[in-house]
Amino acid sequence: MRLPVPWVFVLAFLVGVGLQFLVSIHIGSSGAVLLMKIAGGVLFVVGASVAAWGLFIFHRAGTTTVPGEPSLRLVTEGPYRFSRNPMYVGLVLAYLGEVGLLTQIWPLFLLPFTVAYVNWVVIPVEEATLKGFQDRYEQYCARVRRWV
């Protein structure tokens with residue numbers, strides 16, 4: 001896990017773009033393309049904002065954003081009231097936004113693999129370090145879902 005999680009999303013997207021050049025999938029009508037671009041723009045702005053909000057809250061709390069490093073504080077305010085991983089939710093939304101903005105279909109097929117990696121490899125490492133907060137973390141997990 002030496003590769004920062006945002007780069008996992010970037011690399012998956014770039015592999016998808018490469019596949020798009022190799023095996024092109026086209027959107028049918030210009031109306032569908034316009035709709036994809038508009039929805040993509042909205043999703044990208046919302047996703048980037050959610051991810052940035054989560055990052056800002058972490059920096060304000062003075063704790064780490066590096067998976068596996070011990071957290072100095074259990075962050076439960078801001079977007080963390082709704083998701084235990086709002087930065088990852090934001091990255092997923094921004095990724096979907098890029099798919100729409102750039103009308104690239106192949107990256108969409110790679111997103112489930114990226115989310116699976118984050119969900120089953122990265123997040124368990126993070127959660128293991130948060131168990132040091134004991135009951136507070138257990139109570140937090142009981143009231144806030146992992147994703148949304």
# chains A, B, ... in the order shown; residues from 1 in each chain; ligands from 1
call {"tool": "residues_around", "arguments": {"residues": "range 9-21 of chain A", "least_positions_apart": "2", "cutoff": "12 Å", "atoms": "only C-alpha atoms", "output": "JSON, numbers by chain"}}
result
{"A": [3, 4, 5, 6, 7, 23, 24, 25, 26, 27, 87, 88, 89, 90, 91, 92, 93, 94, 95, 96, 97, 98, 99, 102, 103, 104, 105, 106, 107, 108, 109, 110, 111, 112, 113, 114, 115, 116, 117, 118]}
call {"tool": "residues_around", "arguments": {"residues": "range 74-81 of chain A", "least_positions_apart": "2", "cutoff": "7 Å", "atoms": "only C-alpha atoms", "output": "PyMOL selection string"}}
result
chain A and resi 54+57+71+83-86+144
call {"tool": "select_by_dssp", "arguments": {"residues": "chain A", "states": "alpha helix (DSSP H)", "output": "VMD selection string"}}
result
chain A and resid 5 to 22 30 to 61 86 to 102 106 to 117 123 to 130 134 to 143
call {"tool": "write_last_selection", "arguments": {"atoms": "C-alpha atoms", "output": "compact mmCIF listing (two decimals), in the first residue's frame"}}
result
# COMPACT_ATOMS: atom_id res chain seq x y z
CA VAL A 5 -5.21 5.74 -2.76
CA PRO A 6 -6.01 8.71 -5.03
CA TRP A 7 -3.35 7.43 -7.41
CA VAL A 8 -5.04 4.03 -7.50
CA PHE A 9 -8.11 5.79 -8.91
CA VAL A 10 -6.00 7.82 -11.35
CA LEU A 11 -4.13 4.76 -12.61
CA ALA A 12 -7.34 2.74 -13.03
CA PHE A 13 -8.83 5.60 -15.01
CA LEU A 14 -5.74 5.88 -17.22
CA VAL A 15 -5.78 2.13 -17.92
CA GLY A 16 -9.42 2.56 -18.91
CA VAL A 17 -8.52 5.42 -21.25
CA GLY A 18 -5.85 3.20 -22.80
CA LEU A 19 -8.44 0.46 -23.32
CA GLN A 20 -10.77 3.05 -24.87
CA PHE A 21 -8.08 3.83 -27.46
CA LEU A 22 -7.46 0.14 -28.14
CA SER A 30 -24.91 13.83 -29.41
CA GLY A 31 -27.75 14.32 -26.91
CA ALA A 32 -26.49 11.40 -24.81
CA VAL A 33 -22.95 12.79 -24.96
CA LEU A 34 -24.17 16.21 -23.79
CA LEU A 35 -26.14 14.62 -20.95
CA MET A 36 -23.10 12.56 -19.93
CA LYS A 37 -20.91 15.67 -19.89
CA ILE A 38 -23.38 17.66 -17.77
CA ALA A 39 -23.91 14.80 -15.30
CA GLY A 40 -20.16 14.20 -15.29
CA GLY A 41 -19.46 17.82 -14.44
CA VAL A 42 -21.90 17.76 -11.55
CA LEU A 43 -20.57 14.43 -10.22
CA PHE A 44 -16.98 15.60 -10.51
CA VAL A 45 -17.61 18.84 -8.60
CA VAL A 46 -19.62 17.06 -5.89
CA GLY A 47 -17.07 14.25 -5.58
CA ALA A 48 -14.05 16.55 -5.46
CA SER A 49 -15.82 18.73 -2.88
CA VAL A 50 -16.68 15.78 -0.63
CA ALA A 51 -13.12 14.41 -0.86
CA ALA A 52 -11.62 17.84 -0.19
CA TRP A 53 -13.98 18.40 2.76
CA GLY A 54 -12.90 15.09 4.30
CA LEU A 55 -9.24 15.92 3.73
CA PHE A 56 -9.69 19.38 5.25
CA ILE A 57 -11.34 17.90 8.36
CA PHE A 58 -8.45 15.43 8.76
CA HIS A 59 -5.83 18.17 8.40
CA ARG A 60 -7.71 20.40 10.84
CA ALA A 61 -7.77 17.52 13.33
CA PRO A 86 -16.07 10.24 2.68
CA MET A 87 -12.76 10.83 0.91
CA TYR A 88 -13.17 7.51 -0.88
CA VAL A 89 -16.84 8.22 -1.63
CA GLY A 90 -15.72 11.55 -3.07
CA LEU A 91 -13.05 9.86 -5.20
CA VAL A 92 -15.63 7.42 -6.58
CA LEU A 93 -17.99 10.28 -7.46
CA ALA A 94 -15.18 12.31 -9.04
CA TYR A 95 -14.10 9.23 -11.02
CA LEU A 96 -17.66 8.79 -12.31
CA GLY A 97 -17.66 12.49 -13.14
CA GLU A 98 -14.52 12.11 -15.21
CA VAL A 99 -16.13 9.20 -17.06
CA GLY A 100 -18.97 11.52 -18.01
CA LEU A 101 -16.91 14.62 -18.72
CA LEU A 102 -14.49 12.77 -20.99
CA TRP A 106 -13.84 1.72 -20.36
CA PRO A 107 -12.80 3.36 -17.08
CA LEU A 108 -16.32 2.66 -15.84
CA PHE A 109 -15.65 -1.09 -16.14
CA LEU A 110 -12.50 -0.74 -14.01
CA LEU A 111 -14.13 1.21 -11.19
CA PRO A 112 -15.58 -1.89 -9.41
CA PHE A 113 -12.06 -3.37 -9.19
CA THR A 114 -10.73 -0.13 -7.74
CA VAL A 115 -13.53 0.05 -5.17
CA ALA A 116 -13.01 -3.62 -4.30
CA TYR A 117 -9.31 -2.97 -3.68
CA ILE A 123 -9.97 0.08 4.53
CA PRO A 124 -9.32 -3.01 6.70
CA VAL A 125 -5.77 -1.74 7.31
CA GLU A 126 -7.16 1.65 8.31
CA GLU A 127 -9.82 0.11 10.52
CA ALA A 128 -7.24 -2.01 12.31
CA THR A 129 -5.38 1.12 13.39
CA LEU A 130 -8.62 2.76 14.55
CA GLN A 134 -11.84 0.98 21.41
CA ASP A 135 -15.44 1.68 22.47
CA ARG A 136 -15.59 5.08 20.80
CA TYR A 137 -14.70 3.51 17.46
CA GLU A 138 -17.14 0.62 17.92
CA GLN A 139 -19.96 3.09 18.73
CA TYR A 140 -19.02 5.17 15.71
CA CYS A 141 -19.09 2.08 13.44
CA ALA A 142 -22.50 1.13 14.82
CA ARG A 143 -24.00 4.50 13.86
